[in-house]
Structure formats: structure tokens, C-alpha cells
Amino acid sequence: MAESVTITDNRTGESVEIPITNGGVDAAQWSKLLPGVWFFDPSFSTTAAASSSITELDGENGILRYGGYPIEQLAENSSYLEVAYLLLHGELPTAAEFEVWEHDITYHTFIHENVRKRFMEGFHHDAHPMGIMVSTLAALSTFYPNAKDIDDPEVRYKQIIRLIAKMPTIAAGAHRHSVGMPFVYPDNNLDFCSNFLSMMWKVAEPHYEADPVLSRALDVLFILHADHEQNCSTTAMRVVGSSHADPYSATAAAAAALYGPRHGGANEAVIRMLTEIGSIDNVEAFISDVKAGKGRLQGFGHRVYKNYDPRAKIIKQTAYDVFEVTGKSPLLDIALKLEEVALNDDYFVSRKLYPNVDFYSGLIYQAMDFPMEMFTVLFAIPRVSGWLAHWQEMLDQNSRIARPRQLYAGPAVRDYVPVEAR
Ligand code: ACO
């Protein structure tokens with residue numbers, strides 16, 4: 001059977017045969033036959049916007065791999081920094097490569113004092129930390145003006161290191177500001193996650209020692225959130241990056257996309273939902289309301305996964321490890337009951353709605369004492385490595401500026417009417 005598609009323009013009878021390559025057909029070839037006819041796909045549901053070697057996602061079968069490595073194996077054996085290297089280089093680092101990588105990131109965790117003192121402290125005390133993070137990322141572009149030199153490999157590498165390294169510092173700084181606690185400087189003796197926990201929670205002790213179980217749980221969550229191919233925020237990164245904006249501006253745009261409740265904001269929505277439900281006795285009634293169109297079951301459903309999100313499975317196990325240390329979240333029983341009811345209900349089964357990564361992550365963050373406003377920030381910290389990997393790949397592919405077409409549906413040409421005649 002030919003691995004191709006033939007399209008016929010019935011207005012002219014002309015046909016064109018296009019090969020199916022790597023699961024896709026080249027739209028440029030179709031448009032040769034159909035000048036002025038556009039593919040209408042407003043949410044890009046059926047459009048492959050890139051050819052990418054970074055992450056493989058098979059939503060029908062619940063498969064996620066970074067650089068060919070199954071997410072389950074990476075979560076079990078790897079660390080977030082190693083995964084970040086893998087996403088950006090396409091290969092796992094050797095011991096020597098990792099040493100340099102870890103050193104470079106550890107030694108770029110500090111942020112300019114003006115960013116912290118004058119910029120971050122200028123926000124109102126109740127500013128959402130995600131708003132602070134988005135703005136601070138954009139502001140960094142003004143501190144590193146040579147970041148615009150995106151074609152220089154050394155300059156590019158430096159910004160990648162800086163962004164990965166400074167995310168936890170910005171995140172913790174945003175939190176400390178919101179609770180009126182003094183800023184904690186990075187500690188270069190600590191690993192990536194323990195350093196972040198120190199910047200979050202240190203009070204008067206000379207050295208904050210994170211619980212190793214909690215530090216490892218965070219590392220696992222960072223691995224799971226590091227990349228997810230062409231999602232909304234990564235698409236924002238690629239689109240803004242395609243204009244050759246500097247990486248700080250593009251990352252700020254990606255973080256802004258992540259902020260929304262349909263994307264990285266969903267774990268916050270899950271906790272609000274579970275709190276509102278209040279008791280497992282109310283689960284059935286809540287599910288009935290969802291089925292009647294009164295709101296959505298937060299943390300369920302996914303544009304691409306039509307099966308159990310493999311990250312949700314790993315997170316569920318991590319939740320139990322965390323609860324061993326912190327004590328069980330009172331909301332866990334409601335979450336488990338919701339999952340059980342939904343997975344046995346035809347409404348959810350027929351629509352292939354399964355728990356996604358956010359269904360259990362909020363419970364872990366809450367058990368670790370992170371305020372709800374920090375949940376999306378926690379998602380953004382590791383996702384920056386995925387955004388940057390896609391940004392770098394797009395630049396290496398020499399992509400053209402992203403510029404879709406539209407189907408114009410407004411009024412036909414008409415003459416201007418003076419205001420007194422309207
Ligand atoms: N609860 C109830 N019904 C749902 C849900 C849900 N969570 N998600 C989808 N549906 C229903 C829709 O109402 C629709 O039903 P219909 O065919 O009868 O109209 C059908 O399932 C298909 O839904 P769409 O909205 O077309 O799915 P889409 O791919 O556009 O949306 C999304 C995906 C945004 C993730 C959606 O499932 C949702 O809103 N989920 C809740 C929020 C959430 O958990 N987001 C996190 C996503 S993961 C991430 O970004 C990390």
C-alpha cells in the first residue's frame with residue numbers, strides 16, 4: 001500500500017500525491033495545488049508545527065520518552081539536571097560532562113541584586129508569584145543585552161545555563177516576598193533541589209537541611225515536568241523565538257502561557273476543587289454536576305493523552321513516599337474516590353478522560369507546605385529546560401518566523417461613515 005495521500009481540487013480536476021513521511025504530510029506541497037486555500041485548524045489539533053527529536057509522546061498508548069528514554073526509567077534512575085542535559089544535548093552526559101554541567105548551573109544561581117531588591121521587591125505584597133516570575137524573566141533580558149546574539153553558540157549556552165540555574169532563585173524569591181520573609185541566597189554546596197528548598201524555607205539556621213525524601217520527590221516531579229513536546233507554552237516559546245527575540249523574552253512568553261488554568265494552572269484548580277468537594281460523601285454529586293456541564297473535573301483529560309498519563313502514575317507513587325514523611329493529605333481520599341468513580345463512569349470512559357499530571361502533583365506540593373500560588377511556579381522551574389531545548393532546536397533548524405494564515409469572516413469592503421451619520 002502506498003504511503004501517500006492524494007488530494008484532488010474538484011474545481012479544476014487537478015490532483016497531487018503527497019508522501020506520508022514520519023506520520024505527516026508536507027503542507028507546502030498541498031498548498032502548491034491549492035494557492036489561497038488554507039488549512040483551518042484554530043487550536044493546531046491536527047497540525048504538526050515542528051519536526052522534533054527531543055520528546056516522543058504517544059497519547060493513545062500513554063507513552064512519554066525523552067530522547068528515546070522512557071519517562072519511567074528516567075524518574076527511577078536519573079536526576080532533573082541530567083534530564084535537562086539530555087533534553088538540550090540529545091544524549092545523557094558522561095560523568096565528566098555532567099560534572100561541568102552541574103558546576104556551570106550551580107555557579108549561575110545568583111540573580112543581580114537590582115533584580116531582587118529593586119525589581120522583585122517592587123511588587124505588591126500579594127502579587128501572584130507566577131506574575132512575578134513572568135515579569136522577572138522578561139526583565140532579565142535587560143540585564144543581559146548580549147543575549148540577543150542568538151547565533152553565537154557560547155552566548156546561547158550562557159543564557160541556557162543562566163535560565164535553568166536562576167529559575168529556583170526567582171521562584172523562591174517570589175515566595176519569600178509574598179510572605180514578607182528575607183531573601184535567602186543560593187548555597188553552592190547543595191544540589192539543585194535541596195538548594196531550592198533551602199531558599200524556600202530557611203529561617204535562622206546556619207544551614208538548612210532538606211529532608212532527602214522530599215528533595216528526591218521534588219527531583220522526580222521536576223523530571224516529569226521537564227518537557228512535553230509541542231504543548232501550549234512550548235509553542236509560545238517557539239513562536240516568540242521564531243521572531244529571534246532574546247531567550248529571556250521568549251521564556252517569559254512561555255511562562256505566561258503556562259500560567260493559565262487550562263495548562264500549568266490546573267494543579268492549583270485541582271486543590272480548590274478537592275477542598276470544595278470537602279468529603280468523599282460529596283464525590284458522586286460532584287461527578288453528576290460535571291456530567292451535567294457544571295464545570296470540569298480538574299486534573300482530568302488531556303489534548304493528547306487518550307489513556308492514563310504516564311506521569312500521573314509515577315506521581316501517584318511519589319505522593320505516597322512524600323506522605324510517609326509529611327503525613328497523609330486529608331484530600332487524598334477524595335482524590336482517590338474521584339478517580340475511581342470517574343474511571344468507572346461512561347461519561348469519562350467514552351471521552352477517554354484520565355487523570356493527567358496535575359491530578360496528584362498539587363497534593364504533593366501541598367503536603368510539602370508549598371502555598372497553592374506556587375504550584376505553577378514549581379511546574380515552570382524544570383519546564384524551562386524543555387522550552388530552551390525546543391528554542392535551540394528551532395534555531396538550529398533555521399525555522400522561518402511563525403506566521404499562520406486566517407480565514408477572514410468579517411464584513412466585505414464598505415465606505416467610512418462619518419460619526420454624525422452612524
Ligand atoms: N471534565 C469533564 N469533561 C471534560 C473534561 C474534564 N476535565 N475534559 C474534557 N471534557 C469533555 C468535554 O466537555 C468534551 O465533551 P463533549 O464532547 O461532550 O463536548 C470532551 O471531553 C472533549 O473535551 P475538549 O474540551 O474538546 O478537550 P481539549 O483537548 O480541548 O481539552 C483540556 C483538554 C483543556 C486539558 C481539558 O481536558 C480540561 O479542561 N481539563 C481540565 C483542566 C486540566 O486538568 N488541565 C491540565 C492539562 S495537563 C497540563 O497542561 C499539564
# chains A, B, ... in the order shown; residues from 1 in each chain; ligands from 1
call {"tool": "residues_near_ligand", "arguments": {"ligand": "ligand 1", "cutoff": "8 Å", "atoms": "only C-alpha atoms and all ligand atoms", "output": "ChimeraX atom specification"}}
result
/A:231-232,258,261-267,269-270,290-291,293,295-304,347-348,351-353,355-359
call {"tool": "write_last_selection", "arguments": {"atoms": "N, CA, C and O atoms", "output": "compact mmCIF listing (two decimals), in the first residue's frame"}}
result
# COMPACT_ATOMS: atom_id res chain seq x y z
N ASN A 231 3.48 21.47 23.56
CA ASN A 231 2.34 21.96 24.35
C ASN A 231 2.18 23.47 24.19
O ASN A 231 2.97 24.12 23.49
N CYS A 232 1.20 24.03 24.88
CA CYS A 232 0.87 25.45 24.68
C CYS A 232 2.07 26.37 24.99
O CYS A 232 2.41 27.25 24.19
N LEU A 258 2.03 29.18 30.39
CA LEU A 258 1.90 28.13 31.41
C LEU A 258 0.98 28.55 32.55
O LEU A 258 0.38 27.71 33.22
N PRO A 261 -5.12 28.33 33.67
CA PRO A 261 -5.67 27.13 34.33
C PRO A 261 -5.89 25.94 33.40
O PRO A 261 -6.00 24.81 33.87
N ARG A 262 -5.90 26.17 32.09
CA ARG A 262 -6.02 25.02 31.20
C ARG A 262 -4.68 24.33 31.01
O ARG A 262 -4.59 23.28 30.37
N HIS A 263 -3.61 24.95 31.52
CA HIS A 263 -2.26 24.40 31.29
C HIS A 263 -1.63 24.20 32.67
O HIS A 263 -2.09 23.36 33.45
N GLY A 264 -0.62 24.97 33.02
CA GLY A 264 0.09 24.74 34.30
C GLY A 264 -0.68 25.16 35.52
O GLY A 264 -0.29 24.81 36.64
N GLY A 265 -1.77 25.88 35.32
CA GLY A 265 -2.54 26.32 36.48
C GLY A 265 -3.51 25.26 36.98
O GLY A 265 -4.22 25.46 37.98
N ALA A 266 -3.54 24.10 36.32
CA ALA A 266 -4.57 23.10 36.65
C ALA A 266 -4.35 22.46 38.02
O ALA A 266 -5.32 22.12 38.70
N ASN A 267 -3.09 22.31 38.46
CA ASN A 267 -2.88 21.64 39.77
C ASN A 267 -3.44 22.49 40.92
O ASN A 267 -3.93 21.95 41.91
N ALA A 269 -6.06 24.38 40.49
CA ALA A 269 -7.51 24.19 40.35
C ALA A 269 -7.95 22.86 40.97
O ALA A 269 -9.05 22.75 41.52
N VAL A 270 -7.07 21.85 40.91
CA VAL A 270 -7.41 20.54 41.49
C VAL A 270 -7.58 20.67 43.01
O VAL A 270 -8.56 20.17 43.58
N VAL A 290 -20.57 17.63 37.09
CA VAL A 290 -19.63 17.74 35.96
C VAL A 290 -20.29 17.19 34.69
O VAL A 290 -20.24 17.80 33.62
N LYS A 291 -20.95 16.04 34.85
CA LYS A 291 -21.60 15.41 33.68
C LYS A 291 -22.73 16.28 33.15
O LYS A 291 -23.05 16.25 31.96
N GLY A 293 -22.55 19.33 32.90
CA GLY A 293 -21.93 20.51 32.27
C GLY A 293 -21.62 21.63 33.24
O GLY A 293 -21.27 22.74 32.85
N GLY A 295 -19.14 22.76 35.15
CA GLY A 295 -17.70 22.73 35.47
C GLY A 295 -17.03 21.45 35.01
O GLY A 295 -17.70 20.52 34.53
N ARG A 296 -15.73 21.43 35.16
CA ARG A 296 -14.93 20.29 34.69
C ARG A 296 -14.28 19.57 35.87
O ARG A 296 -14.08 20.19 36.92
N LEU A 297 -13.96 18.33 35.65
CA LEU A 297 -13.20 17.59 36.65
C LEU A 297 -11.74 18.00 36.44
O LEU A 297 -11.10 17.56 35.47
N GLN A 298 -11.23 18.85 37.31
CA GLN A 298 -9.87 19.39 37.13
C GLN A 298 -8.85 18.27 37.27
O GLN A 298 -9.01 17.38 38.10
N GLY A 299 -7.78 18.34 36.47
CA GLY A 299 -6.76 17.29 36.53
C GLY A 299 -7.14 16.05 35.75
O GLY A 299 -6.45 15.04 35.82
N PHE A 300 -8.23 16.15 35.00
CA PHE A 300 -8.65 15.05 34.14
C PHE A 300 -8.69 15.54 32.70
O PHE A 300 -9.05 16.69 32.44
N GLY A 301 -8.35 14.65 31.79
CA GLY A 301 -8.43 14.99 30.37
C GLY A 301 -7.14 15.59 29.88
O GLY A 301 -6.34 16.14 30.65
N HIS A 302 -6.91 15.43 28.61
CA HIS A 302 -5.69 15.95 28.02
C HIS A 302 -5.89 16.01 26.52
O HIS A 302 -6.52 15.14 25.95
N ARG A 303 -5.33 17.04 25.90
CA ARG A 303 -5.47 17.15 24.45
C ARG A 303 -4.84 15.95 23.75
O ARG A 303 -5.37 15.47 22.74
N VAL A 304 -3.76 15.45 24.26
CA VAL A 304 -3.03 14.40 23.54
C VAL A 304 -3.22 13.02 24.17
O VAL A 304 -3.40 12.03 23.47
N TYR A 347 -19.34 8.48 31.01
CA TYR A 347 -19.08 9.84 30.51
C TYR A 347 -17.57 10.02 30.30
O TYR A 347 -17.12 10.48 29.25
N PHE A 348 -16.79 9.63 31.31
CA PHE A 348 -15.34 9.84 31.26
C PHE A 348 -14.66 8.78 30.38
O PHE A 348 -13.75 9.09 29.62
N ARG A 351 -15.18 9.43 26.65
CA ARG A 351 -14.41 10.59 26.16
C ARG A 351 -12.92 10.42 26.39
O ARG A 351 -12.13 11.34 26.15
N LYS A 352 -12.54 9.24 26.88
CA LYS A 352 -11.13 8.93 27.14
C LYS A 352 -10.50 9.98 28.06
O LYS A 352 -9.43 10.54 27.77
N LEU A 353 -11.18 10.28 29.15
CA LEU A 353 -10.68 11.26 30.12
C LEU A 353 -10.06 10.51 31.29
O LEU A 353 -10.74 9.79 32.01
N PRO A 355 -6.79 10.69 34.54
CA PRO A 355 -6.04 11.69 35.33
C PRO A 355 -4.81 12.15 34.55
O PRO A 355 -4.15 11.34 33.91
N ASN A 356 -4.54 13.44 34.60
CA ASN A 356 -3.31 13.94 33.98
C ASN A 356 -2.29 14.27 35.07
O ASN A 356 -2.54 14.06 36.26
N VAL A 357 -1.15 14.81 34.67
CA VAL A 357 -0.02 15.04 35.59
C VAL A 357 -0.42 15.90 36.79
O VAL A 357 0.14 15.78 37.87
N ASP A 358 -1.43 16.75 36.58
CA ASP A 358 -1.78 17.70 37.64
C ASP A 358 -2.72 17.13 38.68
O ASP A 358 -2.97 17.78 39.69
N PHE A 359 -3.26 15.94 38.45
CA PHE A 359 -4.27 15.45 39.38
C PHE A 359 -3.67 15.20 40.77
O PHE A 359 -4.28 15.52 41.78
call {"tool": "residues_around", "arguments": {"residues": "Leu336 in chain A", "least_positions_apart": "3", "cutoff": "12 Å", "atoms": "only C-alpha atoms", "output": "NGL selection string"}}
result
:A and (274 or 279-280 or 283 or 316 or 319 or 329-333 or 339-343 or 355 or 359-360 or 363)
call {"tool": "select_by_dssp", "arguments": {"residues": "range 109-268 of chain A", "states": "alpha helix (DSSP H)", "output": "number ranges by chain"}}
result
A: 113-114, 129-143, 153-179, 192-201, 212-225, 232-241, 247-258, 266-268
call {"tool": "atom_distance", "arguments": {"atom1": "CA of Asp26 in chain A", "atom2": "CA of Ser4 in chain A"}}
result
10.7 Å
call {"tool": "closest_residue", "arguments": {"among": "A:His177, A:His207, A:Arg311, A:Arg405", "to": "His124 in chain A", "atoms": "only C-alpha atoms"}}
result
A:His177
call {"tool": "residues_around", "arguments": {"residues": "Val322 in chain A", "least_positions_apart": "3", "cutoff": "9 Å", "atoms": "only C-alpha atoms", "output": "MDAnalysis selection string"}}
result
chainID A and resid 213:214 217 317:319 325:328 364 367:368
call {"tool": "closest_atom_pairs", "arguments": {"of": "range 52-91 of chain A", "to": "range 222-225 of chain A", "cutoff": "10 Å", "atoms": "only C-alpha atoms", "output": "Markdown table"}}
result
| residue | atom | partner | partner_atom | distance |
| --- | --- | --- | --- | --- |
| A:Leu64 | CA | A:Leu224 | CA | 9.5 |
| A:Tyr66 | CA | A:Ile223 | CA | 9.9 |
| A:Ile71 | CA | A:Leu224 | CA | 7.1 |
| A:Glu72 | CA | A:Leu224 | CA | 9.0 |
| A:Leu74 | CA | A:Ile223 | CA | 7.4 |
| A:Ala75 | CA | A:Ile223 | CA | 6.3 |
| A:Glu76 | CA | A:Ile223 | CA | 9.8 |
| A:Ser78 | CA | A:Ile223 | CA | 8.1 |
| A:Ser79 | CA | A:Ile223 | CA | 6.8 |
| A:Tyr80 | CA | A:Ile223 | CA | 4.9 |
| A:Leu81 | CA | A:Ile223 | CA | 8.4 |
| A:Glu82 | CA | A:Ile223 | CA | 9.0 |
| A:Val83 | CA | A:Ile223 | CA | 6.5 |
| A:Ala84 | CA | A:Ile223 | CA | 8.2 |
call {"tool": "write_last_selection", "arguments": {"atoms": "C-alpha atoms", "output": "short mmCIF file (atom, residue, chain, number, x, y, z; two decimals), in the first residue's frame"}}
result
data_model
loop_
_atom_site.label_atom_id
_atom_site.label_comp_id
_atom_site.auth_asym_id
_atom_site.auth_seq_id
_atom_site.Cartn_x
_atom_site.Cartn_y
_atom_site.Cartn_z
CA LEU A 64 6.35 9.52 27.09
CA TYR A 66 12.83 11.98 26.39
CA ILE A 71 9.92 8.55 31.46
CA GLU A 72 9.50 5.73 33.99
CA LEU A 74 14.32 8.45 33.98
CA ALA A 75 12.08 9.07 37.02
CA GLU A 76 13.51 5.97 38.69
CA SER A 78 18.00 9.96 36.73
CA SER A 79 18.06 13.48 38.17
CA TYR A 80 16.47 16.66 36.87
CA LEU A 81 19.84 18.20 35.93
CA GLU A 82 20.83 15.07 34.00
CA VAL A 83 17.46 15.15 32.20
CA ALA A 84 17.90 18.84 31.39
#
call {"tool": "atom_distance", "arguments": {"atom1": "CA of Tyr308 in chain A", "atom2": "CA of Tyr354 in chain A"}}
result
5.2 Å
call {"tool": "closest_atom_pairs", "arguments": {"of": "range 19-65 of chain A", "to": "range 386-397 of chain A", "cutoff": "10 Å", "atoms": "only C-alpha atoms", "output": "CSV"}}
result
residue,atom,partner,partner_atom,distance
A:Ala50,CA,A:Met394,CA,8.1
A:Ser51,CA,A:Met394,CA,9.1
A:Ser52,CA,A:Glu393,CA,7.5
A:Ser53,CA,A:Glu393,CA,8.5
A:Ile54,CA,A:Ala389,CA,7.5
A:Thr55,CA,A:Gly386,CA,9.1
